[in-house]
file start-v3.txt (compact mmCIF, N, CA, C and O atoms)
# COMPACT_ATOMS: atom_id res chain seq x y z
N MET E 1 67.67 -4.71 -23.71
CA MET E 1 67.16 -3.51 -23.04
C MET E 1 68.23 -2.43 -23.11
O MET E 1 69.38 -2.66 -22.76
N ASN E 2 67.86 -1.28 -23.57
CA ASN E 2 68.78 -0.16 -23.62
C ASN E 2 68.79 0.57 -22.29
O ASN E 2 67.89 0.43 -21.47
N ARG E 3 69.79 1.37 -22.11
CA ARG E 3 70.01 2.02 -20.83
C ARG E 3 69.07 3.20 -20.60
O ARG E 3 68.94 4.07 -21.45
N ILE E 4 68.42 3.22 -19.45
CA ILE E 4 67.56 4.32 -19.03
C ILE E 4 68.44 5.34 -18.32
O ILE E 4 69.21 4.98 -17.44
N SER E 5 68.32 6.60 -18.70
CA SER E 5 69.07 7.68 -18.06
C SER E 5 68.10 8.60 -17.33
O SER E 5 67.06 8.98 -17.89
N VAL E 6 68.42 8.95 -16.09
CA VAL E 6 67.65 9.94 -15.36
C VAL E 6 68.29 11.29 -15.67
O VAL E 6 69.45 11.54 -15.33
N LEU E 7 67.51 12.16 -16.33
CA LEU E 7 68.03 13.46 -16.74
C LEU E 7 67.81 14.54 -15.69
O LEU E 7 68.59 15.49 -15.60
N GLU E 8 66.74 14.39 -14.94
CA GLU E 8 66.36 15.42 -13.97
C GLU E 8 65.47 14.78 -12.92
O GLU E 8 64.73 13.85 -13.21
N GLN E 9 65.54 15.30 -11.70
CA GLN E 9 64.68 14.81 -10.64
C GLN E 9 64.19 15.99 -9.83
O GLN E 9 64.97 16.90 -9.51
N ALA E 10 62.90 16.00 -9.52
CA ALA E 10 62.30 17.04 -8.69
C ALA E 10 61.29 16.35 -7.78
O ALA E 10 60.27 15.85 -8.25
N GLY E 11 61.61 16.31 -6.49
CA GLY E 11 60.74 15.60 -5.56
C GLY E 11 60.68 14.13 -5.95
O GLY E 11 61.70 13.49 -6.16
N SER E 12 59.48 13.62 -6.13
CA SER E 12 59.32 12.21 -6.49
C SER E 12 59.29 12.00 -8.01
O SER E 12 59.17 10.87 -8.46
N PHE E 13 59.39 13.07 -8.78
CA PHE E 13 59.30 12.97 -10.24
C PHE E 13 60.67 12.88 -10.89
O PHE E 13 61.62 13.55 -10.46
N ARG E 14 60.76 12.06 -11.93
CA ARG E 14 62.00 11.91 -12.68
C ARG E 14 61.73 12.05 -14.17
O ARG E 14 60.78 11.44 -14.69
N LEU E 15 62.56 12.82 -14.83
CA LEU E 15 62.56 12.89 -16.28
C LEU E 15 63.59 11.87 -16.74
O LEU E 15 64.76 11.95 -16.35
N VAL E 16 63.15 10.89 -17.53
CA VAL E 16 64.04 9.81 -17.97
C VAL E 16 64.10 9.77 -19.49
O VAL E 16 63.19 10.25 -20.18
N ALA E 17 65.19 9.19 -20.00
CA ALA E 17 65.37 9.06 -21.45
C ALA E 17 65.91 7.68 -21.77
O ALA E 17 66.62 7.07 -20.97
N CYS E 18 65.56 7.21 -22.98
CA CYS E 18 66.08 5.94 -23.48
C CYS E 18 65.91 5.94 -25.00
O CYS E 18 64.78 6.10 -25.49
N ASP E 19 67.00 5.81 -25.73
CA ASP E 19 66.95 5.71 -27.19
C ASP E 19 66.21 6.87 -27.86
O ASP E 19 65.41 6.66 -28.76
N GLY E 20 66.44 8.08 -27.39
CA GLY E 20 65.80 9.25 -28.00
C GLY E 20 64.35 9.44 -27.63
O GLY E 20 63.67 10.30 -28.18
N ARG E 21 63.87 8.64 -26.69
CA ARG E 21 62.51 8.79 -26.17
C ARG E 21 62.60 9.32 -24.76
O ARG E 21 63.58 9.09 -24.07
N PHE E 22 61.56 10.00 -24.32
CA PHE E 22 61.56 10.66 -23.02
C PHE E 22 60.25 10.37 -22.30
O PHE E 22 59.21 10.19 -22.94
N ALA E 23 60.30 10.36 -20.97
CA ALA E 23 59.11 10.14 -20.17
C ALA E 23 59.32 10.75 -18.79
O ALA E 23 60.45 11.00 -18.37
N VAL E 24 58.22 10.96 -18.09
CA VAL E 24 58.26 11.36 -16.69
C VAL E 24 57.64 10.22 -15.90
O VAL E 24 56.58 9.70 -16.25
N VAL E 25 58.32 9.81 -14.85
CA VAL E 25 57.81 8.79 -13.95
C VAL E 25 57.83 9.34 -12.54
O VAL E 25 58.54 10.30 -12.24
N GLU E 26 57.03 8.73 -11.69
CA GLU E 26 57.03 9.09 -10.27
C GLU E 26 57.57 7.91 -9.49
O GLU E 26 57.15 6.77 -9.71
N ALA E 27 58.50 8.18 -8.58
CA ALA E 27 59.11 7.12 -7.76
C ALA E 27 58.70 7.32 -6.31
O ALA E 27 58.90 8.40 -5.74
N ARG E 28 58.10 6.28 -5.74
CA ARG E 28 57.69 6.32 -4.34
C ARG E 28 57.81 4.93 -3.74
O ARG E 28 57.34 3.96 -4.34
N ALA E 29 58.41 4.84 -2.58
CA ALA E 29 58.46 3.59 -1.80
C ALA E 29 58.97 2.41 -2.62
O ALA E 29 58.40 1.32 -2.58
N GLY E 30 60.04 2.62 -3.39
CA GLY E 30 60.64 1.54 -4.13
C GLY E 30 59.90 1.14 -5.40
O GLY E 30 60.24 0.14 -6.03
N GLN E 31 58.88 1.90 -5.75
CA GLN E 31 58.07 1.64 -6.94
C GLN E 31 58.15 2.85 -7.87
O GLN E 31 58.40 3.98 -7.42
N VAL E 32 57.93 2.62 -9.16
CA VAL E 32 57.81 3.70 -10.13
C VAL E 32 56.45 3.60 -10.80
O VAL E 32 55.89 2.52 -10.95
N PHE E 33 55.93 4.77 -11.18
CA PHE E 33 54.60 4.88 -11.77
C PHE E 33 54.69 5.78 -12.99
O PHE E 33 55.36 6.82 -12.95
N GLY E 34 54.00 5.40 -14.05
CA GLY E 34 54.01 6.20 -15.26
C GLY E 34 53.13 7.43 -15.16
O GLY E 34 52.13 7.43 -14.44
N LEU E 35 53.53 8.49 -15.86
CA LEU E 35 52.74 9.73 -15.93
C LEU E 35 52.67 10.15 -17.38
O LEU E 35 53.64 9.98 -18.12
N PRO E 36 51.62 10.77 -17.85
CA PRO E 36 50.37 10.97 -17.10
C PRO E 36 49.58 9.68 -17.05
O PRO E 36 49.74 8.82 -17.90
N ASP E 37 48.73 9.57 -16.05
CA ASP E 37 47.87 8.40 -15.92
C ASP E 37 46.50 8.76 -16.48
O ASP E 37 45.68 9.32 -15.78
N ASP E 38 46.29 8.47 -17.74
CA ASP E 38 45.03 8.83 -18.39
C ASP E 38 44.03 7.67 -18.36
O ASP E 38 42.96 7.76 -18.95
N ARG E 39 44.35 6.62 -17.64
CA ARG E 39 43.44 5.48 -17.56
C ARG E 39 42.42 5.65 -16.44
O ARG E 39 41.46 4.91 -16.36
N GLY E 40 42.64 6.59 -15.56
CA GLY E 40 41.74 6.78 -14.42
C GLY E 40 41.99 5.73 -13.35
O GLY E 40 42.62 4.72 -13.58
N GLY E 41 41.51 5.99 -12.16
CA GLY E 41 41.67 5.03 -11.08
C GLY E 41 43.09 4.93 -10.59
O GLY E 41 43.91 5.81 -10.79
N GLY E 42 43.42 3.83 -9.97
CA GLY E 42 44.75 3.62 -9.42
C GLY E 42 45.77 3.33 -10.51
O GLY E 42 45.42 2.99 -11.65
N ARG E 43 47.01 3.46 -10.17
CA ARG E 43 48.09 3.18 -11.12
C ARG E 43 48.84 1.95 -10.67
O ARG E 43 49.12 1.79 -9.49
N ASP E 44 49.18 1.11 -11.63
CA ASP E 44 50.01 -0.04 -11.32
C ASP E 44 51.46 0.40 -11.30
O ASP E 44 51.92 1.08 -12.22
N GLY E 45 52.17 0.03 -10.28
CA GLY E 45 53.58 0.37 -10.17
C GLY E 45 54.45 -0.79 -10.59
O GLY E 45 53.98 -1.90 -10.83
N ALA E 46 55.72 -0.49 -10.69
CA ALA E 46 56.73 -1.51 -11.00
C ALA E 46 57.93 -1.23 -10.11
O ALA E 46 58.05 -0.14 -9.53
N ALA E 47 58.81 -2.18 -10.01
CA ALA E 47 60.02 -2.00 -9.20
C ALA E 47 60.82 -0.83 -9.73
O ALA E 47 60.86 -0.59 -10.94
N ASP E 48 61.46 -0.10 -8.84
CA ASP E 48 62.27 1.06 -9.21
C ASP E 48 63.62 0.59 -9.76
O ASP E 48 64.65 0.69 -9.11
N THR E 49 63.56 0.03 -10.95
CA THR E 49 64.74 -0.47 -11.68
C THR E 49 64.62 0.02 -13.12
O THR E 49 63.54 0.46 -13.53
N PRO E 50 65.69 -0.08 -13.90
CA PRO E 50 65.56 0.31 -15.31
C PRO E 50 64.45 -0.45 -16.04
O PRO E 50 63.68 0.15 -16.80
N ASP E 51 64.33 -1.75 -15.81
CA ASP E 51 63.26 -2.52 -16.45
C ASP E 51 61.88 -2.07 -15.97
O ASP E 51 60.93 -2.01 -16.75
N GLY E 52 61.78 -1.76 -14.67
CA GLY E 52 60.51 -1.27 -14.13
C GLY E 52 60.13 0.06 -14.74
O GLY E 52 58.97 0.27 -15.11
N ILE E 53 61.10 0.96 -14.86
CA ILE E 53 60.83 2.26 -15.48
C ILE E 53 60.37 2.06 -16.92
O ILE E 53 59.37 2.65 -17.36
N ALA E 54 61.06 1.21 -17.67
CA ALA E 54 60.69 0.96 -19.06
C ALA E 54 59.27 0.41 -19.17
O ALA E 54 58.55 0.71 -20.12
N SER E 55 58.84 -0.37 -18.19
CA SER E 55 57.51 -1.00 -18.26
C SER E 55 56.37 -0.03 -17.96
O SER E 55 55.24 -0.29 -18.38
N VAL E 56 56.63 1.07 -17.25
CA VAL E 56 55.55 2.01 -16.90
C VAL E 56 55.64 3.33 -17.65
O VAL E 56 54.68 4.11 -17.64
N ALA E 57 56.75 3.59 -18.30
CA ALA E 57 56.96 4.89 -18.96
C ALA E 57 55.99 5.09 -20.11
O ALA E 57 55.70 4.16 -20.86
N HIS E 58 55.49 6.31 -20.21
CA HIS E 58 54.67 6.74 -21.35
C HIS E 58 55.61 7.56 -22.23
O HIS E 58 55.73 8.78 -22.06
N TRP E 59 56.29 6.90 -23.16
CA TRP E 59 57.34 7.54 -23.95
C TRP E 59 56.77 8.59 -24.89
O TRP E 59 55.69 8.42 -25.46
N THR E 60 57.50 9.68 -25.02
CA THR E 60 57.09 10.80 -25.84
C THR E 60 58.33 11.55 -26.32
O THR E 60 59.45 11.12 -26.07
N GLY E 61 58.12 12.68 -26.95
CA GLY E 61 59.24 13.51 -27.37
C GLY E 61 59.80 14.30 -26.21
O GLY E 61 59.17 14.45 -25.16
N GLU E 62 60.99 14.84 -26.42
CA GLU E 62 61.67 15.57 -25.34
C GLU E 62 60.91 16.81 -24.90
O GLU E 62 60.76 17.05 -23.69
N ASP E 63 60.41 17.60 -25.84
CA ASP E 63 59.71 18.84 -25.46
C ASP E 63 58.49 18.55 -24.60
O ASP E 63 58.26 19.23 -23.59
N GLU E 64 57.71 17.56 -25.00
CA GLU E 64 56.50 17.22 -24.24
C GLU E 64 56.86 16.71 -22.84
O GLU E 64 56.22 17.10 -21.85
N ALA E 65 57.86 15.86 -22.74
CA ALA E 65 58.25 15.33 -21.44
C ALA E 65 58.81 16.43 -20.54
O ALA E 65 58.50 16.49 -19.35
N ARG E 66 59.64 17.31 -21.09
CA ARG E 66 60.18 18.41 -20.28
C ARG E 66 59.08 19.36 -19.82
O ARG E 66 59.12 19.87 -18.70
N SER E 67 58.09 19.60 -20.67
CA SER E 67 56.97 20.45 -20.29
C SER E 67 56.18 19.82 -19.14
O SER E 67 55.82 20.51 -18.19
N LEU E 68 55.91 18.53 -19.23
CA LEU E 68 55.22 17.83 -18.15
C LEU E 68 56.03 17.90 -16.86
O LEU E 68 55.49 18.19 -15.78
N MET E 69 57.32 17.67 -16.95
CA MET E 69 58.19 17.72 -15.76
C MET E 69 58.15 19.11 -15.13
O MET E 69 58.03 19.24 -13.92
N ARG E 70 58.23 20.13 -15.96
CA ARG E 70 58.19 21.51 -15.46
C ARG E 70 56.85 21.79 -14.76
O ARG E 70 56.81 22.35 -13.66
N ASP E 71 55.73 21.37 -15.37
CA ASP E 71 54.41 21.58 -14.77
C ASP E 71 54.29 20.87 -13.43
O ASP E 71 53.79 21.44 -12.46
N LEU E 72 54.72 19.62 -13.37
CA LEU E 72 54.63 18.87 -12.12
C LEU E 72 55.51 19.49 -11.03
O LEU E 72 55.11 19.55 -9.87
N SER E 73 56.69 19.94 -11.40
CA SER E 73 57.60 20.57 -10.43
C SER E 73 57.00 21.85 -9.88
O SER E 73 57.06 22.12 -8.68
N GLU E 74 56.41 22.66 -10.76
CA GLU E 74 55.80 23.92 -10.33
C GLU E 74 54.62 23.67 -9.42
O GLU E 74 54.44 24.35 -8.41
N ARG E 75 53.79 22.68 -9.76
CA ARG E 75 52.66 22.34 -8.90
C ARG E 75 53.12 21.88 -7.53
O ARG E 75 52.55 22.27 -6.51
N GLY E 76 54.17 21.07 -7.49
CA GLY E 76 54.71 20.60 -6.21
C GLY E 76 55.25 21.73 -5.38
O GLY E 76 55.04 21.78 -4.16
N ASP E 77 55.94 22.69 -6.02
CA ASP E 77 56.46 23.85 -5.31
C ASP E 77 55.33 24.69 -4.72
O ASP E 77 55.39 25.12 -3.57
N ARG E 78 54.27 24.91 -5.51
CA ARG E 78 53.13 25.70 -5.01
C ARG E 78 52.46 25.01 -3.84
O ARG E 78 52.11 25.65 -2.85
N LEU E 79 52.29 23.70 -3.94
CA LEU E 79 51.67 22.94 -2.85
C LEU E 79 52.53 23.02 -1.59
O LEU E 79 52.01 23.25 -0.49
N ALA E 80 53.82 22.86 -1.72
CA ALA E 80 54.71 22.92 -0.57
C ALA E 80 54.64 24.28 0.10
O ALA E 80 54.63 24.38 1.34
N ARG E 81 54.58 25.34 -0.66
CA ARG E 81 54.48 26.69 -0.09
C ARG E 81 53.17 26.87 0.67
O ARG E 81 53.12 27.52 1.71
N ARG E 82 52.10 26.30 0.12
CA ARG E 82 50.80 26.43 0.76
C ARG E 82 50.74 25.65 2.07
O ARG E 82 50.16 26.09 3.05
N ILE E 83 51.35 24.47 2.09
CA ILE E 83 51.34 23.63 3.29
C ILE E 83 52.16 24.26 4.40
O ILE E 83 51.77 24.25 5.55
N TRP E 84 53.33 24.81 4.07
CA TRP E 84 54.22 25.36 5.07
C TRP E 84 53.96 26.81 5.25
O TRP E 84 54.30 27.49 6.11
call {"tool": "encode", "arguments": {"input": "start-v3.txt", "output": "structure tokens"}}
result
Amino acid sequence: MNRISVLEQAGSFRLVACDGRFAVVEARAGQVFGLPDDRGGGRDGAADTPDGIASVAHWTGEDEARSLMRDLSERGDRLARRIW
């Protein structure tokens, strides 16, 4: 298993990298969840460990992962402003 690096974190979202691949995961309550979830319904989580991240990550290129991270961060900021 190669080393997972957390490149950026915004709220519960993390941009991670491993071996030139990139993904966005969501971490909540000791679990990590892969994004995007295009399977519909609930998401299966894994332990918030490097192996857990590797098991749920939807690996992609850097540009696509950074774009997803930016979109999720902006949506979270807008929601927080609306709530407060």
call {"tool": "select_by_dssp", "arguments": {"input": "start-v3.txt", "residues": "segment 34-77 of chain E", "states": "strand (DSSP E)", "output": "list in words"}}
result
Gly34, Leu35, Ala46 and Ala47 of chain E
call {"tool": "closest_residue", "arguments": {"input": "start-v3.txt", "among": "E:Ala23, E:Ala17, E:Leu72, E:Ala29", "to": "Val56 of chain E", "atoms": "only N, CA, C and O atoms"}}
result
E:Ala23
call {"tool": "atom_distance", "arguments": {"input": "start-v3.txt", "atom1": "atom CA of Pro50 of chain E", "atom2": "atom CA of Arg75 of chain E"}}
result
26.3 Å
call {"tool": "residues_around", "arguments": {"input": "start-v3.txt", "residues": "Thr49 of chain E", "least_positions_apart": "5", "cutoff": "8 Å", "atoms": "all atoms listed in the file", "output": "list of chain:residue names"}}
result
E:Ile4, E:Gly30, E:Gln31, E:Val32, E:Ala54, E:Ser55, E:Val56
call {"tool": "write_last_selection", "arguments": {"input": "start-v3.txt", "atoms": "N, CA, C and O atoms", "output": "PDB file, keeping the file's coordinate frame"}}
result
ATOM      1  N   ILE E   4      68.420   3.220 -19.450  1.00  0.00           N
ATOM      2  CA  ILE E   4      67.560   4.320 -19.030  1.00  0.00           C
ATOM      3  C   ILE E   4      68.440   5.340 -18.320  1.00  0.00           C
ATOM      4  O   ILE E   4      69.210   4.980 -17.440  1.00  0.00           O
ATOM      5  N   GLY E  30      60.040   2.620  -3.390  1.00  0.00           N
ATOM      6  CA  GLY E  30      60.640   1.540  -4.130  1.00  0.00           C
ATOM      7  C   GLY E  30      59.900   1.140  -5.400  1.00  0.00           C
ATOM      8  O   GLY E  30      60.240   0.140  -6.030  1.00  0.00           O
ATOM      9  N   GLN E  31      58.880   1.900  -5.750  1.00  0.00           N
ATOM     10  CA  GLN E  31      58.070   1.640  -6.940  1.00  0.00           C
ATOM     11  C   GLN E  31      58.150   2.850  -7.870  1.00  0.00           C
ATOM     12  O   GLN E  31      58.400   3.980  -7.420  1.00  0.00           O
ATOM     13  N   VAL E  32      57.930   2.620  -9.160  1.00  0.00           N
ATOM     14  CA  VAL E  32      57.810   3.700 -10.130  1.00  0.00           C
ATOM     15  C   VAL E  32      56.450   3.600 -10.800  1.00  0.00           C
ATOM     16  O   VAL E  32      55.890   2.520 -10.950  1.00  0.00           O
ATOM     17  N   ALA E  54      61.060   1.210 -17.670  1.00  0.00           N
ATOM     18  CA  ALA E  54      60.690   0.960 -19.060  1.00  0.00           C
ATOM     19  C   ALA E  54      59.270   0.410 -19.170  1.00  0.00           C
ATOM     20  O   ALA E  54      58.550   0.710 -20.120  1.00  0.00           O
ATOM     21  N   SER E  55      58.840  -0.370 -18.190  1.00  0.00           N
ATOM     22  CA  SER E  55      57.510  -1.000 -18.260  1.00  0.00           C
ATOM     23  C   SER E  55      56.370  -0.030 -17.960  1.00  0.00           C
ATOM     24  O   SER E  55      55.240  -0.290 -18.380  1.00  0.00           O
ATOM     25  N   VAL E  56      56.630   1.070 -17.250  1.00  0.00           N
ATOM     26  CA  VAL E  56      55.550   2.010 -16.900  1.00  0.00           C
ATOM     27  C   VAL E  56      55.640   3.330 -17.650  1.00  0.00           C
ATOM     28  O   VAL E  56      54.680   4.110 -17.640  1.00  0.00           O
TER      29      VAL E  56
END
call {"tool": "residues_around", "arguments": {"input": "start-v3.txt", "residues": "Phe22 of chain E", "least_positions_apart": "3", "cutoff": "12 Å", "atoms": "only C-alpha atoms", "output": "MDAnalysis selection string"}}
result
chainID E and resid 4:8 14:19 25 34:35 53:54 57:69
call {"tool": "select_by_dssp", "arguments": {"input": "start-v3.txt", "residues": "chain E", "states": "helix (DSSP H, G or I)", "output": "list in words"}}
result
Pro50, Asp51, Gly52, Ile53, Ala54, Ser55, Val56, Glu62, Asp63, Glu64, Ala65, Arg66, Ser67, Leu68, Met69, Arg70, Asp71, Leu72, Ser73, Glu74, Arg75, Gly76, Asp77, Arg78, Leu79, Ala80, Arg81, Arg82 and Ile83 of chain E
call {"tool": "atom_distance", "arguments": {"input": "start-v3.txt", "atom1": "atom O of Glu26 of chain E", "atom2": "atom C of Ser12 of chain E"}}
result
5.9 Å
call {"tool": "atom_distance", "arguments": {"input": "start-v3.txt", "atom1": "atom CA of Gly52 of chain E", "atom2": "atom CA of Arg70 of chain E"}}
result
22.9 Å
